[in-house]
>>> print(open('work.txt').read())   # compact mmCIF, C-alpha atoms
# COMPACT_ATOMS: atom_id res chain seq x y z
CA MET A 24 103.70 91.08 105.14
CA ILE A 25 106.15 88.80 103.31
CA TRP A 26 105.41 86.33 106.09
CA TRP A 27 101.67 86.40 105.27
CA ILE A 28 102.32 85.58 101.63
CA ILE A 29 104.75 82.77 102.46
CA LYS A 30 102.32 81.31 104.99
CA ARG A 31 99.45 81.48 102.51
CA ASP A 32 101.38 79.89 99.67
CA LEU A 33 102.67 77.09 101.90
CA LEU A 34 99.12 76.49 103.14
CA LEU A 35 97.87 76.32 99.55
CA ALA A 36 100.70 73.96 98.62
CA MET A 37 99.82 71.70 101.56
CA ARG A 38 96.14 71.66 100.54
CA ARG A 39 97.11 70.81 96.97
CA ARG A 40 100.03 68.45 97.39
CA SER A 41 99.80 66.96 93.90
CA ASP A 42 101.34 70.07 92.34
CA MET A 43 104.34 69.87 94.65
CA LEU A 44 104.75 66.12 94.16
CA THR A 45 104.64 66.42 90.35
CA THR A 46 107.85 68.45 90.40
CA LEU A 47 109.57 66.14 92.86
CA PHE A 48 108.57 62.94 91.04
CA PHE A 49 109.70 64.37 87.72
CA PHE A 50 113.11 65.04 89.27
CA ILE A 51 113.32 61.58 90.87
CA ILE A 52 112.25 59.78 87.68
CA VAL A 53 114.65 61.62 85.37
CA VAL A 54 117.62 61.15 87.71
CA SER A 55 116.82 57.47 88.32
CA LEU A 56 116.29 56.59 84.66
CA PHE A 57 119.76 57.65 83.56
CA PRO A 58 121.76 54.93 85.39
CA LEU A 59 119.29 52.35 84.10
CA GLY A 60 119.62 53.57 80.52
CA VAL A 61 123.35 54.18 80.45
CA GLY A 62 124.38 50.95 82.16
CA PRO A 63 126.37 50.13 85.29
CA GLU A 64 129.70 51.61 84.19
CA ALA A 65 130.71 53.26 87.50
CA ASN A 66 133.27 55.67 86.04
CA MET A 67 130.91 57.01 83.45
CA LEU A 68 128.10 57.40 86.01
CA ARG A 69 130.39 59.32 88.35
CA MET A 70 131.35 61.64 85.51
CA MET A 71 127.82 62.43 84.42
CA ALA A 72 126.19 62.52 87.85
CA SER A 73 126.35 66.24 88.54
CA GLY A 74 125.23 67.14 85.02
CA VAL A 75 122.22 64.84 85.12
CA VAL A 76 121.11 65.96 88.59
CA TRP A 77 121.50 69.61 87.71
CA VAL A 78 119.72 69.38 84.36
CA ALA A 79 116.88 67.47 86.02
CA ALA A 80 116.64 70.11 88.76
CA LEU A 81 116.58 72.84 86.12
CA LEU A 82 113.77 71.22 84.15
CA ALA A 83 111.82 70.32 87.29
CA SER A 84 111.93 73.88 88.53
CA MET A 85 110.82 75.13 85.11
CA LEU A 86 107.90 72.71 85.19
CA SER A 87 106.45 74.52 88.19
CA LEU A 88 107.02 78.07 86.95
CA GLY A 89 103.73 78.27 85.06
CA ARG A 90 101.79 77.87 88.29
CA MET A 91 103.69 80.55 90.16
CA PHE A 92 101.35 83.44 89.35
CA SER A 93 98.67 81.84 87.16
CA SER A 94 96.26 80.81 89.94
CA ASP A 95 96.53 84.21 91.62
CA TYR A 96 95.90 85.77 88.23
CA ALA A 97 92.87 83.57 87.53
CA ASP A 98 91.05 84.25 90.81
CA GLY A 99 91.80 87.97 91.05
CA THR A 100 94.24 87.81 93.99
CA LEU A 101 96.98 89.23 91.81
CA GLU A 102 94.88 92.38 91.23
CA GLN A 103 94.62 92.77 95.01
CA MET A 104 98.39 92.33 95.33
CA LEU A 105 99.00 95.06 92.76
CA LEU A 106 96.67 97.35 94.69
CA SER A 107 98.18 96.56 98.07
CA PRO A 108 99.84 99.45 99.90
CA VAL A 109 102.68 97.03 100.61
CA SER A 110 105.40 97.18 97.96
CA LEU A 111 104.80 94.68 95.17
CA SER A 112 108.49 93.71 95.18
CA ALA A 113 108.15 92.54 98.79
CA LEU A 114 105.07 90.47 97.94
CA VAL A 115 106.85 89.00 94.95
CA MET A 116 109.83 88.14 97.14
CA GLY A 117 107.46 86.29 99.48
CA LYS A 118 105.99 84.34 96.59
CA THR A 119 109.45 83.46 95.27
CA ILE A 120 110.60 82.26 98.69
CA SER A 121 107.57 80.03 99.06
CA HIS A 122 108.04 78.74 95.52
CA TRP A 123 111.59 77.76 96.45
CA LEU A 124 110.47 76.17 99.73
CA VAL A 125 107.88 74.10 97.88
CA THR A 126 109.81 73.13 94.75
CA GLY A 127 113.50 73.78 95.47
CA ILE A 128 114.00 72.36 98.97
CA PRO A 129 112.54 68.89 98.18
CA LEU A 130 115.01 68.60 95.28
CA VAL A 131 117.92 69.60 97.52
CA LEU A 132 116.87 67.01 100.10
CA MET A 133 116.44 64.23 97.53
CA ALA A 134 119.71 64.91 95.68
CA PRO A 135 122.10 63.08 98.08
CA ILE A 136 119.88 60.00 98.07
CA LEU A 137 119.60 59.97 94.28
CA GLY A 138 123.32 60.66 93.98
CA ILE A 139 124.10 57.29 95.55
CA GLN A 140 122.93 55.62 92.33
CA TYR A 141 125.83 57.32 90.58
CA ASP A 142 128.47 55.94 92.96
CA LEU A 143 129.46 59.44 94.10
CA SER A 144 131.81 59.81 97.06
CA VAL A 145 130.49 61.32 100.27
CA GLU A 146 132.36 64.55 99.61
CA ALA A 147 130.93 64.83 96.09
CA LEU A 148 127.42 64.21 97.46
CA VAL A 149 127.87 66.99 99.99
CA VAL A 150 129.18 69.38 97.33
CA LEU A 151 126.31 68.44 94.99
CA THR A 152 123.74 69.13 97.71
CA LEU A 153 125.35 72.42 98.70
CA SER A 154 125.56 73.55 95.07
CA LEU A 155 121.84 72.82 94.68
CA LEU A 156 121.13 74.67 97.92
CA LEU A 157 122.86 77.75 96.52
CA GLY A 158 121.59 77.32 92.96
CA THR A 159 117.90 76.43 93.28
CA PRO A 160 116.90 79.79 94.84
CA VAL A 161 118.41 81.44 91.75
CA LEU A 162 116.22 79.21 89.56
CA SER A 163 113.10 80.39 91.43
CA LEU A 164 114.20 84.04 91.37
CA ILE A 165 115.00 84.13 87.65
CA GLY A 166 112.02 81.93 86.83
CA ALA A 167 109.71 84.42 88.57
CA ILE A 168 110.64 87.10 86.03
CA GLY A 169 109.81 84.78 83.14
CA ALA A 170 106.58 83.62 84.76
CA ALA A 171 105.49 87.23 85.33
CA LEU A 172 106.30 88.28 81.76
CA THR A 173 104.34 85.42 80.17
CA LEU A 174 101.36 85.68 82.50
CA GLY A 175 98.06 85.14 80.74
CA LEU A 176 99.65 84.38 77.38
CA ARG A 177 98.67 81.34 75.36
CA GLY A 178 101.64 79.02 74.97
CA GLY A 179 103.30 80.81 77.87
CA GLY A 180 105.04 77.59 78.93
CA VAL A 181 107.22 77.42 75.83
CA LEU A 182 107.95 81.12 76.01
CA VAL A 183 109.04 80.84 79.65
CA SER A 184 111.60 78.17 78.71
CA ILE A 185 113.02 80.32 75.94
CA LEU A 186 113.19 83.35 78.22
CA VAL A 187 114.70 81.80 81.32
CA LEU A 188 116.87 78.92 80.03
CA PRO A 189 119.69 81.17 78.81
CA LEU A 190 119.73 82.81 82.25
CA TYR A 191 119.82 79.41 83.96
CA ILE A 192 122.96 78.33 82.08
CA PRO A 193 125.55 80.07 84.34
CA VAL A 194 123.96 78.38 87.37
CA LEU A 195 124.12 75.02 85.57
CA ILE A 196 127.77 75.48 84.57
CA PHE A 197 129.01 76.52 88.00
CA GLY A 198 126.79 74.08 89.88
CA THR A 199 128.06 71.07 87.95
CA GLY A 200 131.55 72.57 87.87
CA ALA A 201 131.72 72.54 91.67
CA VAL A 202 130.97 68.82 91.84
CA GLU A 203 133.41 68.02 89.05
CA ALA A 204 136.14 70.05 90.73
CA SER A 205 135.62 68.20 93.99
CA THR A 206 135.72 64.75 92.32
CA ALA A 207 138.90 65.78 90.51
CA GLY A 208 140.40 66.72 93.89
CA MET A 209 140.55 70.45 93.17
CA GLY A 210 139.11 73.28 95.22
CA PHE A 211 135.46 74.06 94.60
CA GLY A 212 135.45 77.35 96.52
CA ALA A 213 135.58 79.49 93.39
CA HIS A 214 132.49 77.80 91.94
CA PHE A 215 130.60 78.35 95.17
CA SER A 216 131.68 81.99 95.31
CA ILE A 217 130.30 82.57 91.83
CA LEU A 218 127.05 80.73 92.63
CA GLY A 219 126.74 82.85 95.77
CA ALA A 220 127.39 86.02 93.78
CA VAL A 221 124.72 85.06 91.23
CA LEU A 222 122.31 84.37 94.09
CA LEU A 223 122.94 87.78 95.66
CA VAL A 224 122.56 89.61 92.36
CA SER A 225 119.28 87.82 91.65
CA ILE A 226 117.96 88.53 95.17
CA VAL A 227 118.51 92.23 94.51
CA PHE A 228 117.21 92.45 90.95
CA SER A 229 114.64 89.70 90.55
CA PRO A 230 111.83 91.00 92.84
CA TRP A 231 112.08 94.42 91.25
CA ALA A 232 112.10 93.03 87.69
CA THR A 233 109.27 90.59 88.50
CA ALA A 234 107.14 93.37 89.98
CA ALA A 235 107.70 95.51 86.89
CA SER A 236 106.81 92.57 84.63
CA LEU A 237 103.62 91.90 86.58
CA ARG A 238 102.54 95.52 86.19
CA ILE A 239 103.12 95.25 82.43
CA SER A 240 101.24 91.96 82.18
CA MET A 241 98.26 93.25 84.18
CA GLY A 242 98.09 96.75 82.65
CA MET B 27 88.02 113.82 96.38
CA LEU B 28 88.48 111.87 93.17
CA THR B 29 88.56 113.87 89.94
CA THR B 30 89.05 112.69 86.39
CA LYS B 31 89.69 114.83 83.36
CA ASN B 32 89.06 113.76 79.73
CA LEU B 33 89.71 110.07 80.30
CA GLU B 34 90.11 108.00 77.19
CA CYS B 35 90.51 104.25 76.88
CA ILE B 36 91.37 102.42 73.67
CA ARG B 37 91.39 98.63 73.43
CA GLY B 38 92.96 97.42 70.21
CA GLU B 39 91.35 99.42 67.40
CA HIS B 40 88.24 100.13 69.39
CA ARG B 41 87.72 103.30 71.41
CA LEU B 42 85.80 102.26 74.51
CA PHE B 43 85.19 105.76 75.81
CA SER B 44 86.66 109.24 75.63
CA ASN B 45 86.19 112.61 77.33
CA ILE B 46 85.04 111.14 80.63
CA SER B 47 85.27 113.86 83.28
CA PHE B 48 83.70 113.75 86.70
CA SER B 49 84.44 114.34 90.34
CA VAL B 50 83.28 112.41 93.38
CA ASN B 51 83.32 114.21 96.73
CA PRO B 52 83.11 112.73 100.23
CA GLY B 53 79.66 111.27 100.88
CA GLU B 54 78.88 110.91 97.19
CA LEU B 55 77.94 107.83 95.26
CA MET B 56 78.45 107.15 91.58
CA PHE B 57 76.73 104.48 89.53
CA VAL B 58 78.53 103.50 86.35
CA GLY B 59 76.10 101.98 83.87
CA GLY B 60 76.02 100.91 80.26
CA PRO B 61 75.59 97.81 78.15
CA ASN B 62 77.98 94.82 78.28
CA GLY B 63 81.32 95.63 76.72
CA SER B 64 80.90 99.39 77.07
CA GLY B 65 84.03 99.67 79.21
CA LYS B 66 82.68 99.77 82.78
CA THR B 67 85.31 97.42 84.16
CA SER B 68 88.03 99.13 82.11
CA LEU B 69 87.01 102.47 83.62
CA LEU B 70 87.14 101.08 87.17
CA ARG B 71 90.54 99.53 86.52
CA LEU B 72 91.78 102.94 85.39
CA LEU B 73 90.34 104.58 88.50
CA CYS B 74 92.11 102.21 90.87
CA GLY B 75 95.40 102.44 88.97
CA LEU B 76 95.59 98.89 87.64
CA SER B 77 95.94 100.20 84.09
CA LEU B 78 96.81 103.55 82.60
CA PRO B 79 94.43 105.74 80.58
CA ASP B 80 95.37 106.38 76.96
CA SER B 81 94.87 110.05 77.68
CA GLY B 82 93.50 112.21 80.48
CA GLU B 83 94.28 112.19 84.15
CA ILE B 84 92.92 110.85 87.42
CA CYS B 85 93.58 112.90 90.55
CA TRP B 86 93.06 112.17 94.23
CA ASN B 87 92.76 115.46 96.18
CA GLY B 88 94.44 117.25 93.30
CA THR B 89 97.45 114.97 92.87
CA ASP B 90 97.79 112.45 90.06
CA ILE B 91 97.28 108.91 91.41
CA ARG B 92 100.41 107.72 89.60
CA GLU B 93 102.49 110.01 91.80
CA LEU B 94 100.68 108.96 94.96
CA CYS B 95 101.20 105.19 94.46
CA GLY B 96 101.11 103.63 97.94
CA ASP B 97 99.35 106.60 99.55
CA TYR B 98 96.45 106.22 97.14
CA ARG B 99 96.25 102.45 97.66
CA ASN B 100 96.01 103.14 101.39
CA VAL B 101 92.74 105.03 101.01
CA MET B 102 91.14 102.93 98.27
CA THR B 103 89.50 99.50 98.17
CA TYR B 104 88.85 97.80 94.85
CA LEU B 105 86.68 94.72 94.55
CA GLY B 106 86.76 93.26 91.07
CA HIS B 107 84.21 90.76 89.83
CA LEU B 108 86.76 87.98 90.35
CA GLY B 109 86.82 88.70 94.08
CA GLY B 110 90.19 87.15 94.83
CA ILE B 111 88.77 84.17 96.71
CA LYS B 112 91.01 81.10 96.91
CA ASP B 113 89.15 77.79 96.50
CA ASP B 114 91.45 75.88 98.82
CA LEU B 115 91.33 78.33 101.72
CA THR B 116 88.52 78.62 104.24
CA ALA B 117 86.28 81.68 104.33
CA ILE B 118 88.06 83.00 107.41
CA GLU B 119 91.54 82.49 105.90
CA ASN B 120 90.41 84.17 102.70
CA LEU B 121 89.14 87.21 104.58
CA ARG B 122 92.17 87.49 106.86
CA ILE B 123 94.64 87.21 104.00
CA SER B 124 92.86 89.65 101.72
CA SER B 125 92.62 92.17 104.58
CA ALA B 126 96.30 91.72 105.42
CA LEU B 127 97.13 92.29 101.75
CA ALA B 128 95.07 95.47 101.80
CA GLY B 129 97.20 96.71 104.67
CA CYS B 130 94.87 96.17 107.65
CA GLY B 131 95.53 92.84 109.30
CA ILE B 132 92.69 91.48 111.45
CA ASP B 133 92.61 88.67 113.98
CA GLU B 134 90.51 85.54 113.87
CA ASP B 135 87.70 86.98 116.03
CA GLN B 136 87.30 90.12 113.93
CA ALA B 137 87.19 88.00 110.78
CA ALA B 138 84.62 85.61 112.27
CA ASP B 139 82.56 88.58 113.41
CA ALA B 140 82.60 90.18 109.94
CA LEU B 141 81.64 86.88 108.29
CA GLY B 142 78.85 86.47 110.85
CA GLN B 143 77.48 89.89 109.90
CA MET B 144 77.56 88.79 106.26
CA GLY B 145 75.33 85.85 107.17
CA LEU B 146 78.04 83.23 106.99
CA ALA B 147 78.05 82.24 110.68
CA GLY B 148 78.89 78.56 111.01
CA ARG B 149 80.44 78.40 107.57
CA GLU B 150 83.69 80.21 108.40
CA MET B 151 85.77 77.05 108.43
CA LEU B 152 84.50 75.65 105.14
CA PRO B 153 86.83 75.81 102.13
CA ALA B 154 85.60 78.38 99.63
CA LYS B 155 85.19 75.75 96.92
CA VAL B 156 82.16 74.23 98.67
CA LEU B 157 80.45 77.62 99.06
CA SER B 158 77.85 78.75 96.57
CA GLN B 159 78.47 81.62 94.16
CA GLY B 160 76.52 84.03 96.39
CA GLN B 161 78.31 82.91 99.54
CA ARG B 162 81.70 83.40 97.89
CA ARG B 163 80.56 86.89 96.93
CA ARG B 164 79.64 87.50 100.57
CA VAL B 165 83.12 86.42 101.68
CA ALA B 166 84.67 88.88 99.22
CA LEU B 167 82.33 91.68 100.34
CA ALA B 168 83.06 91.00 104.02
CA ARG B 169 86.27 92.94 103.40
CA LEU B 170 84.21 96.12 103.25
CA LEU B 171 83.26 95.60 106.91
CA VAL B 172 86.85 95.52 108.13
CA THR B 173 88.53 97.98 105.80
CA GLN B 174 89.53 101.46 106.98
CA THR B 175 89.52 102.99 103.51
CA LYS B 176 87.20 105.74 102.34
CA LEU B 177 87.07 105.30 98.58
CA TRP B 178 85.41 102.08 97.45
CA ILE B 179 85.51 101.04 93.81
CA LEU B 180 83.22 98.06 93.31
CA ASP B 181 82.71 96.10 90.11
CA GLU B 182 79.29 94.44 90.02
CA PRO B 183 79.16 93.89 93.80
CA LEU B 184 75.55 92.69 93.69
CA THR B 185 75.82 89.82 91.22
CA ALA B 186 74.78 86.44 92.62
CA LEU B 187 73.48 88.00 95.85
CA ASP B 188 69.97 87.33 97.21
CA ILE B 189 67.57 90.10 98.27
CA ALA B 190 68.61 89.97 101.93
CA ALA B 191 72.29 90.28 101.01
CA VAL B 192 71.59 93.19 98.66
CA ASP B 193 69.92 94.99 101.59
CA LEU B 194 72.92 94.19 103.77
CA ILE B 195 75.36 95.59 101.20
CA LYS B 196 73.14 98.64 100.78
CA GLY B 197 73.41 99.23 104.53
CA ILE B 198 77.19 98.86 104.50
CA LEU B 199 77.57 101.25 101.56
CA GLU B 200 75.21 103.81 103.13
CA HIS B 201 77.20 103.65 106.37
CA ASN B 202 80.41 104.36 104.47
CA LEU B 203 78.76 107.24 102.58
CA SER B 204 77.33 108.76 105.77
CA THR B 205 80.78 108.81 107.38
CA GLY B 206 82.36 110.75 104.52
CA GLY B 207 83.24 107.82 102.28
CA MET B 208 82.92 107.61 98.52
CA VAL B 209 81.53 104.74 96.46
CA ILE B 210 81.92 104.17 92.74
CA MET B 211 80.17 101.06 91.53
CA THR B 212 78.90 99.35 88.41
CA THR B 213 75.62 97.52 88.59
CA HIS B 214 72.77 96.41 86.40
CA GLN B 215 70.25 96.38 89.22
CA GLU B 216 69.94 99.94 90.42
CA ILE B 217 69.18 100.25 94.11
CA ALA B 218 67.82 103.31 95.89
CA MET B 219 70.46 104.62 98.25
CA THR B 220 70.70 107.67 100.42
CA ALA B 221 73.82 109.68 99.71
CA ALA B 222 74.74 113.37 99.62
CA THR B 223 74.68 113.19 95.82
CA VAL B 224 74.12 110.26 93.52
CA HIS B 225 75.90 110.58 90.17
CA HIS B 226 75.00 108.47 87.17
CA LEU B 227 77.58 107.86 84.50
CA THR B 228 76.35 105.94 81.48
CA LEU B 229 78.86 104.58 79.01
CA SER B 230 77.63 103.78 75.54
>>> encode(input="work.txt", output="structure tokens")
Amino acid sequence: MIWWIIKRDLLLAMRRRSDMLTTLFFFIIVVSLFPLGVGPEANMLRMMASGVVWVAALLASMLSLGRMFSSDYADGTLEQMLLSPVSLSALVMGKTISHWLVTGIPLVLMAPILGIQYDLSVEALVVLTLSLLLGTPVLSLIGAIGAALTLGLRGGGVLVSILVLPLYIPVLIFGTGAVEASTAGMGFGAHFSILGAVLLVSIVFSPWATAASLRISMG
Amino acid sequence: MLTTKNLECIRGEHRLFSNISFSVNPGELMFVGGPNGSGKTSLLRLLCGLSLPDSGEICWNGTDIRELCGDYRNVMTYLGHLGGIKDDLTAIENLRISSALAGCGIDEDQAADALGQMGLAGREMLPAKVLSQGQRRRVALARLLVTQTKLWILDEPLTALDIAAVDLIKGILEHNLSTGGMVIMTTHQEIAMTAATVHHLTLS
């Protein structure tokens, strides 16, 4: 059943590529503008690289949150999901996975290429990419809760940011921390362990919390 | 058997309805009527468990539907007036996905067959956005042909349909009723249907 939802959402994303590309282009533009604005000071660029990439990834993922449930809500599919004999948490998990595949994975794939502009070493590029690989699913999982809570509200976009940004901050701190630790020549294992722990906790709690929020929003 | 006792629904400061009690047995049909804004859709949403009544209870075979959860959703089909049709998917994809969501997955042939019966033969592969309002409605209603459920809760199923399609739907509903099914529907165009008992509930 999760498979059906993932397949459907990927199919819809393929039929409406502009939505997916908006997120990716936003990410590319923000990350590329910084070196141009700050100037070609290699040391400074290396220092700010992970922060800029991570903040851009955070904002890009937030940009796409509004669409996560809104189209299903508008055409009545969400009602059918709530009435499905399949557990709503499982359906929500499917939607979150496809959201990550559509918005998270492209960012992860683009990050090493964009990182070159910041004169990062190969090791730092690898760590940056891995930290995004671990961190972006958390952004989708936590974002889903916010998107579900603000469903159908006017000005929901602003409210989503206020709701989910505080929860994104640990991911931001440990994601950038991993890259900084690796450039400083220290171990980055601890940062990855914490990112992994956050990911596991959100996999367990987010579908359940999102399902509960959807029931409140639709009731 | 679906029974309700003293249902009450309040929206904001306005009481839509109160003291609604009825029971629908196998083979019985219930028309829910009333002017616009009288709470017909709100009542149907309560009956299928999408929202909770402000007071009163809804029981399926004697057990509250809130306790039954998944078991109740297994025996019930709800078609809202939105229909749940995705513009970017083809008619066949729409039908297959909505059936899978409702817990009875069907293959391509079954879906094509159901759409053919609904008069959409040859249009299965068109994206829903190019279909007319009535054709989209037919895609949504095609689910009734493949579903295994007994209790159908339909919100304005006949809007945008032509005379031939109304006859078709009438046939499908009568078939469900004659095999022990139950139908609760809202409509503004009353149609004559054969059922064990036809209840009329008018909200004011």
>>> interface_residues(input="work.txt", of="chain B", to="chain A", cutoff="8 Å", atoms="only C-alpha atoms", output="MDAnalysis selection string")
chainID B and resid 74:78 96:97 99:100 104 106 108:112 114:115 123:124 126:129
>>> closest_residue(input="work.txt", among="B:Ala147, B:Ile198, B:Ala186, B:Leu73", to="Gln215 in chain B", atoms="only C-alpha atoms")
B:Ala186
>>> residues_around(input="work.txt", residues="range 61-71 of chain B", least_positions_apart="4", cutoff="9 Å", atoms="only C-alpha atoms", output="count of residues only")
24
>>> closest_residue(input="work.txt", among="A:Pro129, A:Gly60, A:Gly210, A:Pro189", to="Ala83 in chain A", atoms="all atoms listed in the file")
A:Pro129
>>> residues_near_point(input="work.txt", point="(109.8, 81.2, 83.5)", cutoff="8 Å", atoms="all atoms listed in the file", output="list in words")
Met85, Leu88, Gly89, Ile165, Gly166, Ala167, Ile168, Gly169, Ala170, Ala171, Thr173, Gly180, Leu182, Val183, Ser184, Leu186 and Val187 of chain A
>>> closest_residue(input="work.txt", among="A:Leu164, A:Val145, A:Leu86, A:Val202", to="Val115 in chain A", atoms="only C-alpha atoms")
A:Leu164
>>> closest_residue(input="work.txt", among="A:Ile226, A:Leu111, A:Ile120, A:Ala65", to="Gln140 in chain A", atoms="only C-alpha atoms")
A:Ala65
>>> closest_residue(input="work.txt", among="A:Trp26, A:Phe215, A:Tyr191, A:Phe228", to="Val78 in chain A", atoms="only C-alpha atoms")
A:Tyr191
>>> closest_residue(input="work.txt", among="B:Ala221, B:Leu194, B:Cys85, B:Leu157", to="Gly53 in chain B", atoms="only C-alpha atoms")
B:Ala221
>>> atom_distance(input="work.txt", atom1="CA of Ile46 in chain B", atom2="CA of Glu83 in chain B")
9.9 Å
>>> atom_distance(input="work.txt", atom1="CA of Arg162 in chain B", atom2="CA of Met43 in chain A")
26.6 Å
